[in-house]
$ cat final-v4.cif   # mmCIF, C-alpha atoms
data_input
#
loop_
_atom_site.label_atom_id
_atom_site.label_comp_id
_atom_site.auth_asym_id
_atom_site.auth_seq_id
_atom_site.Cartn_x
_atom_site.Cartn_y
_atom_site.Cartn_z
CA MET D 1 0.00 0.00 0.00
CA THR D 2 2.93 2.35 0.68
CA GLN D 3 4.34 1.84 -2.82
CA GLN D 4 1.00 2.44 -4.46
CA ALA D 5 0.56 5.75 -2.58
CA ALA D 6 3.94 7.06 -3.78
CA ALA D 7 3.08 6.97 -7.46
CA PRO D 8 0.54 9.79 -7.50
CA GLU D 9 3.00 12.08 -5.65
CA LYS D 10 5.64 11.54 -8.32
CA HIS D 11 3.12 12.24 -11.03
CA GLY D 12 2.13 15.55 -9.34
CA MET D 13 5.73 16.63 -9.10
CA SER D 14 6.13 15.96 -12.80
CA ARG D 15 3.28 18.34 -13.60
CA ARG D 16 4.82 21.06 -11.43
CA THR D 17 8.16 20.59 -13.11
CA LYS D 18 6.58 20.96 -16.53
CA ALA D 19 4.84 24.14 -15.35
CA VAL D 20 8.12 25.63 -14.18
CA ILE D 21 9.81 24.72 -17.44
CA GLY D 22 6.91 26.25 -19.36
CA LEU D 23 7.16 29.47 -17.37
CA GLY D 24 10.87 29.64 -18.10
CA ALA D 25 10.19 29.32 -21.80
CA VAL D 26 7.74 32.23 -21.65
CA VAL D 27 10.30 34.38 -19.85
CA ALA D 28 12.94 33.49 -22.42
CA VAL D 29 10.67 34.46 -25.30
CA ALA D 30 9.84 37.77 -23.64
CA ALA D 31 13.52 38.48 -23.13
CA GLY D 32 14.16 37.73 -26.76
CA ILE D 33 11.51 40.22 -27.85
CA THR D 34 13.03 43.01 -25.69
CA ALA D 35 16.52 42.50 -27.11
CA ALA D 36 15.21 42.89 -30.68
CA ALA D 37 13.47 46.29 -30.11
CA PHE D 38 13.89 49.08 -32.73
CA THR D 39 16.59 51.76 -32.16
CA ASP D 40 17.27 55.16 -33.67
CA PHE D 41 19.45 58.27 -33.08
CA ALA D 42 19.90 61.90 -34.24
CA ASN D 43 23.09 64.03 -34.32
CA LEU D 44 23.16 67.85 -34.69
CA ASN D 45 26.37 69.77 -35.44
CA LEU D 46 26.16 73.15 -33.68
CA GLY D 47 26.30 76.00 -36.18
CA ALA D 48 25.92 75.56 -39.92
CA ASN D 49 29.60 76.53 -40.31
CA GLY D 50 30.87 75.80 -36.83
CA ILE D 51 30.82 78.23 -33.90
CA GLY D 52 32.52 81.57 -34.57
CA ALA D 53 31.87 84.69 -36.66
CA ASP D 54 33.55 85.39 -39.96
CA GLN D 55 36.47 87.81 -39.73
CA TYR D 56 35.55 91.33 -38.60
CA ASN D 57 37.23 93.95 -40.77
CA ILE D 58 36.93 97.69 -41.55
CA GLN D 59 38.54 98.88 -44.78
CA VAL D 60 39.06 102.18 -46.61
CA VAL D 61 39.53 102.89 -50.29
CA ASP D 62 42.86 101.80 -51.72
CA THR D 63 45.26 104.62 -52.61
CA ASP D 64 48.47 105.09 -54.54
CA PRO D 65 51.32 104.86 -52.00
CA VAL D 66 53.10 107.86 -53.51
CA THR D 67 50.45 110.26 -54.81
CA GLY D 68 47.59 109.21 -52.54
CA ALA D 69 45.27 109.03 -55.55
CA GLN D 70 42.26 106.81 -54.87
CA ILE D 71 41.87 103.47 -56.65
CA PRO D 72 38.08 103.05 -56.89
CA GLY D 73 36.78 99.53 -56.33
CA SER D 74 39.94 98.47 -54.51
CA TRP D 75 40.30 98.40 -50.72
CA GLN D 76 43.06 98.50 -48.15
CA GLU D 77 43.47 97.87 -44.44
CA ALA D 78 45.66 100.94 -43.67
CA ASN D 79 45.89 99.56 -40.14
CA THR D 80 49.39 100.67 -39.21
CA PRO D 81 50.40 103.72 -37.12
CA ALA D 82 52.04 105.20 -40.23
CA GLY D 83 48.76 104.98 -42.15
CA ALA D 84 48.41 105.42 -45.90
CA PRO D 85 48.30 108.68 -47.89
CA ILE D 86 45.09 109.90 -49.49
CA GLU D 87 45.05 112.77 -51.94
CA LEU D 88 43.43 116.01 -50.72
CA VAL D 89 43.19 118.09 -53.88
CA GLY D 90 44.16 121.71 -53.19
CA ALA D 91 46.01 120.97 -49.95
CA ASN D 92 49.16 122.57 -51.38
CA THR D 93 47.37 125.77 -52.40
CA LEU D 94 45.37 126.46 -49.22
CA PHE D 95 45.68 129.98 -47.79
CA PRO D 96 43.70 132.03 -45.24
CA GLY D 97 40.20 132.67 -46.59
CA SER D 98 40.61 130.45 -49.68
CA THR D 99 37.90 128.12 -50.93
CA PRO D 100 37.53 125.03 -48.72
CA ILE D 101 38.98 121.77 -50.04
CA SER D 102 37.50 118.32 -49.48
CA VAL D 103 37.90 114.60 -50.03
CA ASP D 104 35.26 111.85 -50.16
CA ILE D 105 36.59 108.73 -48.43
CA PRO D 106 34.88 105.40 -49.16
CA VAL D 107 34.84 103.11 -46.13
CA ARG D 108 33.26 99.68 -45.79
CA ASN D 109 32.49 96.95 -43.33
CA ALA D 110 34.14 93.98 -45.01
CA SER D 111 32.69 91.54 -42.46
CA ALA D 112 30.32 88.96 -43.92
CA THR D 113 28.15 88.50 -40.82
CA LEU D 114 28.93 91.21 -38.24
CA ASN D 115 27.55 94.76 -38.12
CA SER D 116 29.86 97.56 -37.03
CA THR D 117 29.93 100.91 -35.31
CA LEU D 118 32.06 103.59 -36.97
CA SER D 119 33.86 106.66 -35.69
CA LEU D 120 36.36 109.18 -37.01
CA GLY D 121 39.15 110.91 -35.14
CA LEU D 122 41.86 113.34 -36.21
CA LEU D 123 45.40 112.75 -34.98
CA GLN D 124 48.48 114.92 -35.43
CA LEU D 125 51.31 112.87 -36.92
CA PRO D 126 54.63 112.92 -35.06
CA ASP D 127 57.01 115.60 -36.28
CA ALA D 128 59.64 114.19 -38.63
CA PRO D 129 61.68 117.14 -39.95
CA PRO D 130 61.18 118.67 -42.39
CA ASP D 131 57.56 117.53 -41.91
CA VAL D 132 56.67 119.53 -38.83
CA THR D 133 53.20 120.75 -37.80
CA ASP D 134 52.97 124.45 -36.98
CA PRO D 135 50.65 124.87 -33.93
CA ASN D 136 49.25 128.21 -35.16
CA TYR D 137 48.46 126.74 -38.56
CA LEU D 138 46.79 123.73 -36.95
CA ALA D 139 44.73 126.01 -34.69
CA SER D 140 43.54 127.97 -37.74
CA LEU D 141 42.19 124.93 -39.58
CA ARG D 142 38.47 124.15 -39.52
CA PHE D 143 36.93 120.82 -40.50
CA THR D 144 33.47 119.87 -41.70
CA ILE D 145 32.56 116.17 -41.63
CA THR D 146 29.54 114.69 -43.42
CA GLN D 147 28.22 111.18 -43.97
CA PRO D 148 24.89 110.05 -45.48
CA ALA D 149 22.41 107.82 -43.68
CA THR D 150 23.21 104.11 -43.56
CA SER D 151 21.12 101.04 -42.85
CA LEU D 152 22.14 101.35 -39.19
CA GLY D 153 21.87 105.14 -38.94
CA ALA D 154 18.86 106.92 -40.39
CA THR D 155 20.14 110.45 -39.72
CA PRO D 156 22.94 111.86 -41.89
CA ILE D 157 26.02 113.06 -40.02
CA SER D 158 27.05 116.70 -40.39
CA VAL D 159 29.37 118.69 -38.14
CA THR D 160 30.62 122.07 -39.32
CA ASP D 161 33.69 124.20 -38.66
CA GLN D 162 35.17 121.96 -36.00
CA THR D 163 38.66 122.53 -34.65
CA TYR D 164 41.26 119.80 -34.65
CA ALA D 165 40.79 119.42 -30.90
CA GLN D 166 37.02 119.01 -31.28
CA LEU D 167 37.46 116.06 -33.62
CA SER D 168 39.40 113.70 -31.40
CA THR D 169 36.41 111.35 -31.75
CA LEU D 170 33.26 111.74 -33.85
CA ALA D 171 30.60 109.03 -33.88
CA LEU D 172 29.50 108.20 -37.43
CA ASN D 173 26.66 106.04 -38.73
CA GLY D 174 27.30 102.35 -38.29
CA LEU D 175 27.62 99.89 -41.15
CA ALA D 176 25.80 96.61 -41.62
CA ALA D 177 27.77 93.55 -42.70
CA GLY D 178 29.12 94.22 -46.19
CA GLU D 179 27.87 97.82 -46.25
CA GLN D 180 29.83 100.72 -47.76
CA SER D 181 29.56 104.46 -47.06
CA ASP D 182 31.36 107.69 -47.97
CA VAL D 183 32.72 110.09 -45.37
CA THR D 184 33.54 113.60 -46.59
CA ILE D 185 36.19 115.73 -44.89
CA GLU D 186 36.21 119.41 -45.81
CA VAL D 187 39.07 121.67 -44.71
CA ARG D 188 39.46 125.44 -44.68
CA LEU D 189 42.01 127.87 -43.24
CA LEU D 190 40.67 130.81 -41.25
CA THR D 191 41.79 134.36 -41.71
CA GLN D 192 43.12 136.28 -38.72
CA ALA D 193 39.91 138.31 -38.74
CA GLU D 194 37.88 135.09 -38.37
CA SER D 195 40.08 133.44 -35.79
CA GLY D 196 40.87 136.52 -33.70
CA SER D 197 44.41 135.27 -33.34
CA THR D 198 47.35 137.40 -32.30
CA TYR D 199 49.36 136.29 -35.34
CA THR D 200 48.78 137.67 -38.81
CA ASP D 201 47.69 135.78 -41.89
CA ASN D 202 51.19 136.15 -43.30
CA ASP D 203 52.66 134.48 -40.22
CA LEU D 204 51.16 131.24 -41.53
CA ASN D 205 52.95 131.57 -44.85
CA GLY D 206 54.91 128.38 -45.54
CA SER D 207 53.49 126.55 -42.51
CA LYS D 208 51.78 123.17 -42.62
CA ALA D 209 49.87 120.63 -40.55
CA TYR D 210 50.28 116.88 -40.78
CA ILE D 211 47.06 115.15 -39.75
CA GLN D 212 45.82 111.58 -39.91
CA ALA D 213 42.15 110.63 -40.19
CA GLN D 214 41.54 107.54 -38.09
CA PHE D 215 38.50 105.33 -38.72
CA ASN D 216 37.56 103.02 -35.89
CA GLY D 217 34.85 100.40 -35.59
CA THR D 218 33.52 97.85 -33.11
CA SER D 219 31.62 94.72 -34.07
CA THR D 220 27.96 94.56 -33.06
CA PRO D 221 25.29 91.82 -33.37
#
$ encode --input "final-v4.cif" --output "structure tokens"
Amino acid sequence: MTQQAAAPEKHGMSRRTKAVIGLGAVVAVAAGITAAAFTDFANLNLGANGIGADQYNIQVVDTDPVTGAQIPGSWQEANTPAGAPIELVGANTLFPGSTPISVDIPVRNASATLNSTLSLGLLQLPDAPPDVTDPNYLASLRFTITQPATSLGATPISVTDQTYAQLSTLALNGLAAGEQSDVTIEVRLLTQAESGSTYTDNDLNGSKAYIQAQFNGTSTP
């Protein structure tokens, strides 16, 4: 009777074993499905042309290194302390009370992506005999600066009869990327009657002034 009772117990254990094996198979199938899931990815390179602006650069019209004659359509950096000459027609015939002389100076923002502020300042060049600036002659000069409106400055610039000292810095209209403008500098020499000076008109005879026009800019968004 003991042997006969043991048989059903073995049979029940067999069913449980099959159930456990079946459960393991289900788990294995589920694991297989998870491992085969779809995948994807996306990569973005920051900046269409990398991070960094194109070169910022202010240029002025190119000029002949000897005569200072302008070369239209050509540009130069002129970014050395010595500068570059630019012809001022009539500069060698100026006398007290004579007709003012002027020069139109093309200037451009050569940057491809950056806007720019723009300013103009007059600087006396260091004396290098025989090229020496006479202080009385310099004090008798008057300057008029004009510039038309630009895309960044709707109001034309115009300052009249400024002294050299008054034009250490003059804010001009800014330039958008790639924009060009013309800045006109007009010069006249006062008579003694106009200036009220203690020296006579003839005291300026043979005197000169050596002045540099400095264009400065700062990049803006």
$ residues_around --input "final-v4.cif" --residues "Arg188 of chain D" --least-positions-apart "2" --cutoff "9 Å" --atoms "all atoms listed in the file" --output "list in words"
Leu94, Phe95, Pro96, Gly97, Ser98, Thr99, Pro100, Ile101, Ser102, Ser140, Leu141, Arg142, Phe143, Thr144, Asp161, Glu186 and Leu190 of chain D
$ residues_around --input "final-v4.cif" --residues "Ser168 of chain D" --least-positions-apart "2" --cutoff "8 Å" --atoms "only C-alpha atoms" --output "list in words"
Leu120, Gly121, Leu122, Leu123, Tyr164, Ala165, Gln166 and Leu170 of chain D
$ atom_distance --input "final-v4.cif" --atom1 "atom CA of Ser151 of chain D" --atom2 "atom CA of Pro72 of chain D"
22.1 Å
$ resolve_selection --input "final-v4.cif" --expression "the PyMOL selection byres ((chain D and resi 58) around 6)" --output "compact mmCIF listing (two decimals) with C-alpha atoms, in the frame of the given file"
# COMPACT_ATOMS: atom_id res chain seq x y z
CA ASN D 57 37.23 93.95 -40.77
CA GLN D 59 38.54 98.88 -44.78
CA ARG D 108 33.26 99.68 -45.79
CA ASN D 109 32.49 96.95 -43.33
CA ALA D 110 34.14 93.98 -45.01
$ atom_distance --input "final-v4.cif" --atom1 "atom CA of Gly73 of chain D" --atom2 "atom CA of Val61 of chain D"
7.4 Å
$ residues_around --input "final-v4.cif" --residues "Pro126 of chain D" --least-positions-apart "2" --cutoff "12 Å" --atoms "all atoms listed in the file" --output "number ranges by chain"
D: 81-82, 123-124, 128-134, 209-212
$ atom_distance --input "final-v4.cif" --atom1 "atom CA of Ala84 of chain D" --atom2 "atom CA of Gly68 of chain D"
7.7 Å
$ residues_around --input "final-v4.cif" --residues "Ala176 of chain D" --least-positions-apart "5" --cutoff "10 Å" --atoms "only C-alpha atoms" --output "list of chain:residue names"
D:Arg108, D:Asn109, D:Ala110, D:Ser111, D:Ala112, D:Thr113, D:Leu114, D:Asn115, D:Ser116, D:Thr117, D:Thr150, D:Ser151, D:Leu152, D:Gly153, D:Ser219, D:Thr220, D:Pro221
$ resolve_selection --input "final-v4.cif" --expression "the PyMOL selection byres ((chain D and resi 88) around 8)" --output "mmCIF file with C-alpha atoms, in the frame of the given file"
data_model
loop_
_atom_site.group_PDB
_atom_site.id
_atom_site.type_symbol
_atom_site.label_atom_id
_atom_site.label_comp_id
_atom_site.auth_asym_id
_atom_site.auth_seq_id
_atom_site.Cartn_x
_atom_site.Cartn_y
_atom_site.Cartn_z
ATOM 1 C CA ILE D 86 45.090 109.900 -49.490
ATOM 2 C CA GLU D 87 45.050 112.770 -51.940
ATOM 3 C CA VAL D 89 43.190 118.090 -53.880
ATOM 4 C CA GLY D 90 44.160 121.710 -53.190
ATOM 5 C CA ALA D 91 46.010 120.970 -49.950
ATOM 6 C CA ILE D 101 38.980 121.770 -50.040
ATOM 7 C CA SER D 102 37.500 118.320 -49.480
ATOM 8 C CA VAL D 103 37.900 114.600 -50.030
#
$ resolve_selection --input "final-v4.cif" --expression "the PyMOL selection byres ((chain D and resi 158) around 7)" --output "PyMOL selection string"
chain D and resi 145-147+156-157+159-160
$ write_last_selection --input "final-v4.cif" --atoms "C-alpha atoms" --output "mmCIF file, keeping the file's coordinate frame"
data_model
loop_
_atom_site.group_PDB
_atom_site.id
_atom_site.type_symbol
_atom_site.label_atom_id
_atom_site.label_comp_id
_atom_site.auth_asym_id
_atom_site.auth_seq_id
_atom_site.Cartn_x
_atom_site.Cartn_y
_atom_site.Cartn_z
ATOM 1 C CA ILE D 145 32.560 116.170 -41.630
ATOM 2 C CA THR D 146 29.540 114.690 -43.420
ATOM 3 C CA GLN D 147 28.220 111.180 -43.970
ATOM 4 C CA PRO D 156 22.940 111.860 -41.890
ATOM 5 C CA ILE D 157 26.020 113.060 -40.020
ATOM 6 C CA VAL D 159 29.370 118.690 -38.140
ATOM 7 C CA THR D 160 30.620 122.070 -39.320
#
$ residues_around --input "final-v4.cif" --residues "Val66 of chain D" --least-positions-apart "3" --cutoff "9 Å" --atoms "all atoms listed in the file" --output "PDB file with C-alpha atoms, in the frame of the given file"
ATOM      1  CA  THR D  63      45.260 104.620 -52.610  1.00  0.00           C
ATOM      2  CA  ALA D  69      45.270 109.030 -55.550  1.00  0.00           C
ATOM      3  CA  PRO D  85      48.300 108.680 -47.890  1.00  0.00           C
TER       4      PRO D  85
END
$ closest_residue --input "final-v4.cif" --among "D:Asp203, D:Leu189, D:Val183, D:Asn43" --to "Asp104 of chain D" --atoms "only C-alpha atoms"
D:Val183
